[in-house]
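Dropping data28.csv in here (CSV, N, CA and C atoms and all ligand atoms):
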chain,number,residue,atom,x,y,z
A,1291,MET,N,-3.9,84.3,171.6
A,1291,MET,CA,-3.8,85.6,172.1
A,1291,MET,C,-3.0,86.4,171.1
A,1292,ALA,N,-3.4,87.6,170.9
A,1292,ALA,CA,-2.7,88.5,170.0
A,1292,ALA,C,-2.5,89.8,170.7
A,1293,GLN,N,-1.3,90.4,170.4
A,1293,GLN,CA,-1.0,91.7,171.1
A,1293,GLN,C,-0.5,92.6,170.0
A,1294,LEU,N,-1.0,93.9,170.1
A,1294,LEU,CA,-0.6,94.9,169.2
A,1294,LEU,C,0.8,95.4,169.6
A,1295,LEU,N,1.6,95.8,168.7
A,1295,LEU,CA,2.8,96.5,169.0
A,1295,LEU,C,2.6,97.9,169.4
A,1296,PRO,N,3.5,98.5,170.2
A,1296,PRO,CA,3.3,99.8,170.7
A,1296,PRO,C,3.2,100.8,169.5
A,1297,GLY,N,2.4,101.8,169.6
A,1297,GLY,CA,2.2,102.8,168.6
A,1297,GLY,C,1.2,102.5,167.5
A,1298,VAL,N,0.6,101.3,167.6
A,1298,VAL,CA,-0.4,100.9,166.6
A,1298,VAL,C,-1.7,101.6,166.8
A,1299,PRO,N,-2.3,102.2,165.8
A,1299,PRO,CA,-3.6,102.9,166.0
A,1299,PRO,C,-4.6,102.0,166.7
A,1300,HIS,N,-5.3,102.6,167.6
A,1300,HIS,CA,-6.4,101.9,168.4
A,1300,HIS,C,-7.4,101.3,167.5
A,1301,GLN,N,-7.7,101.9,166.4
A,1301,GLN,CA,-8.7,101.4,165.4
A,1301,GLN,C,-8.3,100.0,164.9
A,1302,LEU,N,-7.0,99.7,164.9
A,1302,LEU,CA,-6.6,98.4,164.4
A,1302,LEU,C,-7.1,97.3,165.3
A,1303,LEU,N,-7.1,97.5,166.6
A,1303,LEU,CA,-7.6,96.5,167.5
A,1303,LEU,C,-9.1,96.3,167.2
A,1304,GLU,N,-9.8,97.3,166.9
A,1304,GLU,CA,-11.3,97.2,166.6
A,1304,GLU,C,-11.4,96.4,165.3
A,1305,ASP,N,-10.5,96.6,164.4
A,1305,ASP,CA,-10.6,95.9,163.1
A,1305,ASP,C,-10.3,94.4,163.3
A,1306,VAL,N,-9.3,94.1,164.2
A,1306,VAL,CA,-9.0,92.7,164.5
A,1306,VAL,C,-10.2,92.0,165.2
A,1307,LYS,N,-10.8,92.7,166.1
A,1307,LYS,CA,-12.0,92.1,166.8
A,1307,LYS,C,-13.1,91.9,165.8
A,1308,ARG,N,-13.3,92.8,164.8
A,1308,ARG,CA,-14.4,92.6,163.8
A,1308,ARG,C,-14.1,91.4,162.9
A,1309,ILE,N,-12.8,91.2,162.5
A,1309,ILE,CA,-12.4,90.1,161.7
A,1309,ILE,C,-12.6,88.8,162.4
A,1310,VAL,N,-12.1,88.8,163.7
A,1310,VAL,CA,-12.2,87.5,164.5
A,1310,VAL,C,-13.7,87.1,164.6
A,1311,ARG,N,-14.6,88.1,164.9
A,1311,ARG,CA,-16.0,87.8,165.0
A,1311,ARG,C,-16.6,87.3,163.7
A,1312,GLN,N,-16.1,87.7,162.5
A,1312,GLN,CA,-16.5,87.2,161.2
A,1312,GLN,C,-16.2,85.8,161.0
A,1313,TYR,N,-15.0,85.4,161.6
A,1313,TYR,CA,-14.5,84.0,161.4
A,1313,TYR,C,-14.8,83.1,162.6
A,1314,GLU,N,-15.7,83.6,163.5
A,1314,GLU,CA,-15.9,82.8,164.8
A,1314,GLU,C,-16.3,81.4,164.5
A,1315,GLU,N,-17.2,81.1,163.6
A,1315,GLU,CA,-17.6,79.8,163.3
A,1315,GLU,C,-16.4,78.9,162.8
A,1316,TYR,N,-15.6,79.5,162.0
A,1316,TYR,CA,-14.4,78.8,161.4
A,1316,TYR,C,-13.4,78.5,162.6
A,1317,ILE,N,-13.2,79.5,163.5
A,1317,ILE,CA,-12.3,79.3,164.6
A,1317,ILE,C,-12.8,78.1,165.5
A,1318,MET,N,-14.1,78.1,165.7
A,1318,MET,CA,-14.6,77.1,166.7
A,1318,MET,C,-14.7,75.7,166.0
A,1319,ASN,N,-14.8,75.7,164.7
A,1319,ASN,CA,-14.9,74.4,163.9
A,1319,ASN,C,-14.0,74.5,162.7
A,1320,PRO,N,-12.7,74.4,163.0
A,1320,PRO,CA,-11.7,74.5,161.9
A,1320,PRO,C,-11.9,73.4,160.9
A,1321,VAL,N,-11.6,73.7,159.6
A,1321,VAL,CA,-11.6,72.7,158.6
A,1321,VAL,C,-10.6,71.6,158.9
A,1322,ASN,N,-10.9,70.4,158.4
A,1322,ASN,CA,-10.0,69.3,158.8
A,1322,ASN,C,-8.5,69.6,158.5
A,1323,GLY,N,-7.7,69.3,159.5
A,1323,GLY,CA,-6.3,69.5,159.4
A,1323,GLY,C,-5.9,70.9,159.7
A,1324,HIS,N,-6.8,71.8,159.9
A,1324,HIS,CA,-6.4,73.2,160.3
A,1324,HIS,C,-6.3,73.3,161.8
A,1325,ASN,N,-5.4,74.2,162.2
A,1325,ASN,CA,-5.2,74.5,163.6
A,1325,ASN,C,-5.4,76.0,163.8
A,1326,LEU,N,-5.1,76.5,165.0
A,1326,LEU,CA,-5.3,77.9,165.2
A,1326,LEU,C,-4.4,78.7,164.4
A,1327,LEU,N,-3.2,78.3,164.1
A,1327,LEU,CA,-2.3,79.0,163.3
A,1327,LEU,C,-2.8,79.2,161.9
A,1328,ASN,N,-3.4,78.1,161.3
A,1328,ASN,CA,-4.0,78.1,160.0
A,1328,ASN,C,-5.2,79.1,160.0
A,1329,CYS,N,-5.9,79.1,161.1
A,1329,CYS,CA,-7.1,80.0,161.2
A,1329,CYS,C,-6.6,81.5,161.2
A,1330,ALA,N,-5.5,81.7,162.0
A,1330,ALA,CA,-5.0,83.1,162.0
A,1330,ALA,C,-4.4,83.5,160.7
A,1331,GLU,N,-3.8,82.6,159.9
A,1331,GLU,CA,-3.3,82.9,158.6
A,1331,GLU,C,-4.4,83.2,157.6
A,1332,THR,N,-5.5,82.5,157.8
A,1332,THR,CA,-6.6,82.7,156.9
A,1332,THR,C,-7.3,84.1,157.2
A,1333,MET,N,-7.4,84.4,158.5
A,1333,MET,CA,-8.0,85.7,158.8
A,1333,MET,C,-7.2,86.9,158.5
A,1334,PHE,N,-5.8,86.7,158.7
A,1334,PHE,CA,-4.9,87.8,158.5
A,1334,PHE,C,-3.8,87.4,157.6
A,1335,PRO,N,-4.0,87.4,156.3
A,1335,PRO,CA,-3.0,86.9,155.3
A,1335,PRO,C,-1.7,87.6,155.4
A,1336,ASP,N,-1.7,88.9,155.8
A,1336,ASP,CA,-0.4,89.6,155.9
A,1336,ASP,C,0.3,89.5,157.3
A,1337,MET,N,-0.3,88.6,158.1
A,1337,MET,CA,0.3,88.4,159.5
A,1337,MET,C,1.6,87.7,159.4
A,1338,LYS,N,2.5,88.0,160.4
A,1338,LYS,CA,3.7,87.3,160.5
A,1338,LYS,C,3.8,86.8,161.9
A,1339,VAL,N,4.0,85.5,162.1
A,1339,VAL,CA,4.1,84.9,163.4
A,1339,VAL,C,5.5,85.2,163.9
A,1340,MET,N,5.6,85.9,165.0
A,1340,MET,CA,6.9,86.2,165.6
A,1340,MET,C,7.5,85.2,166.5
A,1341,GLY,N,6.6,84.3,167.0
A,1341,GLY,CA,6.9,83.2,167.9
A,1341,GLY,C,5.7,82.7,168.5
A,1342,SER,N,5.9,81.6,169.2
A,1342,SER,CA,4.7,81.0,169.9
A,1342,SER,C,5.2,80.4,171.2
A,1343,THR,N,4.2,80.3,172.1
A,1343,THR,CA,4.5,79.7,173.4
A,1343,THR,C,3.2,79.1,173.9
A,1344,LYS,N,3.3,78.0,174.7
A,1344,LYS,CA,2.1,77.4,175.2
A,1344,LYS,C,1.6,78.2,176.4
A,1345,ILE,N,0.3,78.4,176.4
A,1345,ILE,CA,-0.3,79.1,177.6
A,1345,ILE,C,-1.3,78.1,178.2
A,1346,GLN,N,-1.5,78.4,179.5
A,1346,GLN,CA,-2.4,77.5,180.2
A,1346,GLN,C,-3.4,78.3,181.0
A,1347,TYR,N,-4.6,78.0,181.0
A,1347,TYR,CA,-5.6,78.7,181.8
A,1347,TYR,C,-5.5,78.2,183.2
A,1348,HIS,N,-5.5,79.1,184.2
A,1348,HIS,CA,-5.5,78.6,185.5
A,1348,HIS,C,-6.2,79.6,186.4
A,1349,CYS,N,-7.0,79.1,187.3
A,1349,CYS,CA,-7.7,79.9,188.3
A,1349,CYS,C,-7.2,79.6,189.7
A,1350,ASP,N,-6.9,80.6,190.4
A,1350,ASP,CA,-6.4,80.3,191.8
A,1350,ASP,C,-7.5,80.3,192.9
A,1351,CYS,N,-8.7,80.1,192.5
A,1351,CYS,CA,-9.8,80.1,193.5
A,1351,CYS,C,-9.6,78.9,194.4
A,1352,SER,N,-10.2,79.0,195.5
A,1352,SER,CA,-10.3,77.9,196.5
A,1352,SER,C,-11.5,78.2,197.4
A,1353,LYS,N,-11.8,77.2,198.2
A,1353,LYS,CA,-12.9,77.4,199.2
A,1353,LYS,C,-12.6,78.5,200.1
A,1354,GLU,N,-11.3,78.7,200.5
A,1354,GLU,CA,-10.9,79.7,201.4
A,1354,GLU,C,-11.1,81.1,200.8
A,1355,VAL,N,-10.8,81.2,199.5
A,1355,VAL,CA,-10.9,82.5,198.8
A,1355,VAL,C,-12.4,82.9,198.7
A,1356,LEU,N,-13.2,81.9,198.4
A,1356,LEU,CA,-14.7,82.2,198.2
A,1356,LEU,C,-15.4,82.3,199.5
A,1357,TYR,N,-14.9,81.8,200.6
A,1357,TYR,CA,-15.6,81.9,201.9
A,1357,TYR,C,-16.1,83.3,202.3
A,1358,PRO,N,-15.2,84.3,202.1
A,1358,PRO,CA,-15.7,85.7,202.5
A,1358,PRO,C,-16.9,86.1,201.7
A,1359,MET,N,-17.1,85.5,200.5
A,1359,MET,CA,-18.3,85.9,199.7
A,1359,MET,C,-19.6,85.6,200.4
A,1360,LEU,N,-19.6,84.6,201.4
A,1360,LEU,CA,-20.8,84.3,202.2
A,1360,LEU,C,-21.3,85.6,202.9
A,1361,TYR,N,-20.3,86.5,203.2
A,1361,TYR,CA,-20.8,87.7,203.9
A,1361,TYR,C,-21.7,88.6,203.1
A,1362,SER,N,-21.7,88.4,201.8
A,1362,SER,CA,-22.6,89.1,200.9
A,1362,SER,C,-24.0,88.6,200.9
A,1363,LEU,N,-24.2,87.4,201.5
A,1363,LEU,CA,-25.5,86.9,201.6
A,1363,LEU,C,-26.2,87.5,202.8
A,1364,ASP,N,-27.5,87.5,202.7
A,1364,ASP,CA,-28.3,88.1,203.8
A,1364,ASP,C,-28.2,87.2,205.1
A,1365,GLN,N,-28.0,87.8,206.2
A,1365,GLN,CA,-27.8,87.0,207.5
A,1365,GLN,C,-29.0,86.1,207.7
A,1366,ASP,N,-30.2,86.6,207.4
A,1366,ASP,CA,-31.4,85.7,207.6
A,1366,ASP,C,-31.3,84.5,206.8
A,1367,ASP,N,-30.8,84.6,205.6
A,1367,ASP,CA,-30.7,83.4,204.7
A,1367,ASP,C,-29.7,82.5,205.2
A,1368,LEU,N,-28.6,83.0,205.8
A,1368,LEU,CA,-27.6,82.1,206.4
A,1368,LEU,C,-28.2,81.4,207.6
A,1369,LEU,N,-28.9,82.1,208.4
A,1369,LEU,CA,-29.5,81.5,209.6
A,1369,LEU,C,-30.5,80.4,209.2
A,1370,ALA,N,-31.3,80.7,208.1
A,1370,ALA,CA,-32.3,79.7,207.6
A,1370,ALA,C,-31.6,78.5,207.1
A,1371,ALA,N,-30.4,78.6,206.4
A,1371,ALA,CA,-29.7,77.5,205.9
A,1371,ALA,C,-29.2,76.6,207.1
A,1372,VAL,N,-28.8,77.2,208.2
A,1372,VAL,CA,-28.3,76.5,209.4
A,1372,VAL,C,-29.5,75.8,210.0
A,1373,ALA,N,-30.6,76.5,210.1
A,1373,ALA,CA,-31.8,75.9,210.7
A,1373,ALA,C,-32.3,74.7,209.9
A,1374,LYS,N,-32.2,74.8,208.6
A,1374,LYS,CA,-32.7,73.7,207.8
A,1374,LYS,C,-31.6,72.6,207.5
A,1375,ARG,N,-30.4,72.8,208.1
A,1375,ARG,CA,-29.3,71.9,207.9
A,1375,ARG,C,-28.9,71.8,206.4
A,1376,GLU,N,-29.0,72.9,205.7
A,1376,GLU,CA,-28.7,73.0,204.3
A,1376,GLU,C,-27.3,73.6,204.1
A,1377,SER,N,-26.6,73.1,203.1
A,1377,SER,CA,-25.3,73.7,202.7
A,1377,SER,C,-25.6,74.8,201.7
A,1378,ILE,N,-24.6,75.6,201.5
A,1378,ILE,CA,-24.7,76.7,200.4
A,1378,ILE,C,-23.6,76.4,199.4
A,1379,GLU,N,-23.9,76.5,198.2
A,1379,GLU,CA,-22.9,76.3,197.1
A,1379,GLU,C,-22.6,77.6,196.5
A,1380,LEU,N,-21.3,77.9,196.4
A,1380,LEU,CA,-20.9,79.1,195.6
A,1380,LEU,C,-20.1,78.6,194.4
A,1381,VAL,N,-20.3,79.4,193.3
A,1381,VAL,CA,-19.6,79.1,192.1
A,1381,VAL,C,-18.6,80.2,191.7
A,1382,CYS,N,-17.4,79.8,191.4
A,1382,CYS,CA,-16.4,80.8,191.0
A,1382,CYS,C,-16.8,81.4,189.7
A,1383,HIS,N,-17.0,82.7,189.6
A,1383,HIS,CA,-17.4,83.3,188.3
A,1383,HIS,C,-16.4,83.3,187.3
A,1384,ILE,N,-15.1,82.9,187.6
A,1384,ILE,CA,-14.1,82.9,186.6
A,1384,ILE,C,-14.0,81.5,186.0
A,1385,CYS,N,-13.9,80.5,186.8
A,1385,CYS,CA,-13.7,79.1,186.2
A,1385,CYS,C,-14.9,78.2,186.3
A,1386,GLY,N,-15.9,78.6,187.1
A,1386,GLY,CA,-17.1,77.8,187.2
A,1386,GLY,C,-17.0,76.7,188.2
A,1387,ARG,N,-15.8,76.6,188.9
A,1387,ARG,CA,-15.7,75.6,190.0
A,1387,ARG,C,-16.7,75.8,191.1
A,1388,LYS,N,-17.2,74.8,191.6
A,1388,LYS,CA,-18.3,74.9,192.7
A,1388,LYS,C,-17.7,74.5,194.0
A,1389,TYR,N,-18.1,75.3,195.0
A,1389,TYR,CA,-17.6,75.0,196.4
A,1389,TYR,C,-18.8,75.0,197.3
A,1390,LYS,N,-18.9,73.9,198.1
A,1390,LYS,CA,-20.0,73.7,199.0
A,1390,LYS,C,-19.6,74.1,200.4
A,1391,PHE,N,-20.4,74.9,201.1
A,1391,PHE,CA,-20.2,75.3,202.5
A,1391,PHE,C,-21.2,74.7,203.3
A,1392,ASP,N,-20.8,73.8,204.3
A,1392,ASP,CA,-21.7,73.1,205.1
A,1392,ASP,C,-22.2,73.9,206.3
A,1393,VAL,N,-23.0,73.3,207.1
A,1393,VAL,CA,-23.6,74.0,208.2
A,1393,VAL,C,-22.5,74.5,209.2
A,1394,ASP,N,-21.5,73.7,209.4
A,1394,ASP,CA,-20.4,74.2,210.3
A,1394,ASP,C,-19.7,75.4,209.7
A,1395,ASP,N,-19.5,75.4,208.4
A,1395,ASP,CA,-18.9,76.6,207.8
A,1395,ASP,C,-19.8,77.8,208.0
A,1396,ILE,N,-21.0,77.7,207.7
A,1396,ILE,CA,-22.0,78.8,207.8
A,1396,ILE,C,-22.1,79.3,209.3
A,1397,SER,N,-22.2,78.3,210.2
A,1397,SER,CA,-22.3,78.6,211.6
A,1397,SER,C,-21.0,79.4,212.1
A,1398,ASN,N,-19.9,79.0,211.7
A,1398,ASN,CA,-18.6,79.7,212.0
A,1398,ASN,C,-18.7,81.1,211.5
A,1399,LEU,N,-19.2,81.3,210.3
A,1399,LEU,CA,-19.3,82.6,209.7
A,1399,LEU,C,-20.2,83.5,210.5
A,1400,LEU,N,-21.4,82.9,210.9
A,1400,LEU,CA,-22.4,83.7,211.7
A,1400,LEU,C,-21.8,84.2,213.0
A,1401,LYS,N,-20.9,83.4,213.6
A,1401,LYS,CA,-20.3,83.8,214.9
A,1401,LYS,C,-19.5,85.2,214.7
A,1402,THR,N,-19.2,85.5,213.5
A,1402,THR,CA,-18.4,86.7,213.3
A,1402,THR,C,-19.2,87.9,213.0
A,1403,PHE,N,-20.5,87.7,212.9
A,1403,PHE,CA,-21.4,88.9,212.6
A,1403,PHE,C,-21.6,89.8,213.9
B,1501,ZN,ZN,-12.1,79.7,189.9

As structure tokens, the full file:
Amino acid sequence: MAQLLPGVPHQLLEDVKRIVRQYEEYIMNPVNGHNLLNCAETMFPDMKVMGSTKIQYHCDCSKEVLYPMLYSLDQDDLLAAVAKRESIELVCHICGRKYKFDVDDISNLLKTF
């Protein structure tokens, strides 16, 4: 992650994006022994690392969070799933985790329509 300092012209951000796109292949497949810091130093020779910290990707999704999304489905489709005893799978668009809603889940939802 890179962050511009306050007051930096907006065009600089576009320049950074352009340079990163040019080096995309190198970033994804760094030369032996190179790490992301080496990649950054190659792309931006005048860059100065002010510090570093570990970051971790995390998605707070859960079955309970995605459950209300079933309301966006057509009621007839929900009824058909129950009639066929089929479950419905929803995929979190952020992390890709899949959640399966069984006939009981769908039936409970239909009671609220
Ligand atoms: Zn997620």

* To do: as number ranges by chain, please: all residues of chain A that backbone DSSP puts in alpha helix (DSSP H).
  => A: 1300-1312, 1314-1318, 1326-1333, 1353-1356, 1365-1373, 1393-1400

Quick one: which chain A residues come within 7 Å of ligand ZN 1501 (chain B), and what is the nearest atom pair for each with the distance in Å to one decimal, counting only C-alpha atoms and all ligand atoms, rows ordered by chain and ascending number, as CSV?
residue,atom,partner,partner_atom,distance
A:Cys1349,CA,B:ZN1501,ZN,4.7
A:Asp1350,CA,B:ZN1501,ZN,6.0
A:Cys1351,CA,B:ZN1501,ZN,4.3
A:Cys1382,CA,B:ZN1501,ZN,4.6
A:His1383,CA,B:ZN1501,ZN,6.6
A:Ile1384,CA,B:ZN1501,ZN,5.0
A:Cys1385,CA,B:ZN1501,ZN,4.1
A:Gly1386,CA,B:ZN1501,ZN,6.0
A:Arg1387,CA,B:ZN1501,ZN,5.5

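Computed from the coordinates, the atom CA of Val1393 of chain A to atom CA of Ala1373 of chain A distance equals 8.8 Å.
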
* Near Ser1397 of chain A, counting all atoms listed in the file, which residues have an atom at most 8 Å away, once you skip same-chain residues fewer than 3 positions from it, shown as a ChimeraX atom specification? -> /A:1368-1369,1371-1372,1391-1394,1400-1402

Keeping N, CA and C atoms for every residue in the selection just given, could you write it to a file as a compact mmCIF listing (two decimals), in the frame of the given file?
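Output below, filename part37.txt:
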# COMPACT_ATOMS: atom_id res chain seq x y z
N LEU A 1368 -28.60 83.00 205.80
CA LEU A 1368 -27.60 82.10 206.40
C LEU A 1368 -28.20 81.40 207.60
N LEU A 1369 -28.90 82.10 208.40
CA LEU A 1369 -29.50 81.50 209.60
C LEU A 1369 -30.50 80.40 209.20
N ALA A 1371 -30.40 78.60 206.40
CA ALA A 1371 -29.70 77.50 205.90
C ALA A 1371 -29.20 76.60 207.10
N VAL A 1372 -28.80 77.20 208.20
CA VAL A 1372 -28.30 76.50 209.40
C VAL A 1372 -29.50 75.80 210.00
N PHE A 1391 -20.40 74.90 201.10
CA PHE A 1391 -20.20 75.30 202.50
C PHE A 1391 -21.20 74.70 203.30
N ASP A 1392 -20.80 73.80 204.30
CA ASP A 1392 -21.70 73.10 205.10
C ASP A 1392 -22.20 73.90 206.30
N VAL A 1393 -23.00 73.30 207.10
CA VAL A 1393 -23.60 74.00 208.20
C VAL A 1393 -22.50 74.50 209.20
N ASP A 1394 -21.50 73.70 209.40
CA ASP A 1394 -20.40 74.20 210.30
C ASP A 1394 -19.70 75.40 209.70
N LEU A 1400 -21.40 82.90 210.90
CA LEU A 1400 -22.40 83.70 211.70
C LEU A 1400 -21.80 84.20 213.00
N LYS A 1401 -20.90 83.40 213.60
CA LYS A 1401 -20.30 83.80 214.90
C LYS A 1401 -19.50 85.20 214.70
N THR A 1402 -19.20 85.50 213.50
CA THR A 1402 -18.40 86.70 213.30
C THR A 1402 -19.20 87.90 213.00

* One-decimal distance in Å that lies between atom C of Glu1314 of chain A and atom N of Gln1293 of chain A -> 18.5 Å

Extract the full set of strand (DSSP E or B) residues from segment 1291-1392 of chain A according to DSSP on the backbone, and format it as an mmCIF file with N, CA and C atoms, in the frame of the given file.
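Once written, result.cif looks like this:
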data_model
loop_
_atom_site.group_PDB
_atom_site.id
_atom_site.type_symbol
_atom_site.label_atom_id
_atom_site.label_comp_id
_atom_site.auth_asym_id
_atom_site.auth_seq_id
_atom_site.Cartn_x
_atom_site.Cartn_y
_atom_site.Cartn_z
ATOM 1 N N ILE A 1378 -24.600 75.600 201.500
ATOM 2 C CA ILE A 1378 -24.700 76.700 200.400
ATOM 3 C C ILE A 1378 -23.600 76.400 199.400
ATOM 4 N N GLU A 1379 -23.900 76.500 198.200
ATOM 5 C CA GLU A 1379 -22.900 76.300 197.100
ATOM 6 C C GLU A 1379 -22.600 77.600 196.500
ATOM 7 N N LEU A 1380 -21.300 77.900 196.400
ATOM 8 C CA LEU A 1380 -20.900 79.100 195.600
ATOM 9 C C LEU A 1380 -20.100 78.600 194.400
ATOM 10 N N VAL A 1381 -20.300 79.400 193.300
ATOM 11 C CA VAL A 1381 -19.600 79.100 192.100
ATOM 12 C C VAL A 1381 -18.600 80.200 191.700
ATOM 13 N N LYS A 1388 -17.200 74.800 191.600
ATOM 14 C CA LYS A 1388 -18.300 74.900 192.700
ATOM 15 C C LYS A 1388 -17.700 74.500 194.000
ATOM 16 N N TYR A 1389 -18.100 75.300 195.000
ATOM 17 C CA TYR A 1389 -17.600 75.000 196.400
ATOM 18 C C TYR A 1389 -18.800 75.000 197.300
ATOM 19 N N LYS A 1390 -18.900 73.900 198.100
ATOM 20 C CA LYS A 1390 -20.000 73.700 199.000
ATOM 21 C C LYS A 1390 -19.600 74.100 200.400
ATOM 22 N N PHE A 1391 -20.400 74.900 201.100
ATOM 23 C CA PHE A 1391 -20.200 75.300 202.500
ATOM 24 C C PHE A 1391 -21.200 74.700 203.300
#

* **For atom CA of Asp1366 of chain A and atom N of Lys1388 of chain A, the interatomic separation in Å (one decimal)** =>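 Spanning atom CA of Asp1366 of chain A to atom N of Lys1388 of chain A is a straight-line distance of 24.0 Å.
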
* Tell me, as a count of residues only, which residues lie within 7 Å of Tyr1389 of chain A, counting only C-alpha atoms; anything in the same chain fewer than 4 positions away does not count. => 4

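All residues of protein, DNA or RNA that reach within 8 Å of Ile1317 of chain A, judged by only C-alpha atoms and not counting those fewer than 3 positions away in the chain, are Tyr1313, Glu1314, Pro1320, Leu1326 and Cys1329 of chain A.
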
* Residue with smallest distance to Asp1364 of chain A - pool A:Lys1390, A:Thr1343, A:Tyr1316, A:Phe1403, counting only C-alpha atoms ->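 Using only C-alpha atoms, the shortest distance to Asp1364 of chain A belongs to A:Phe1403.
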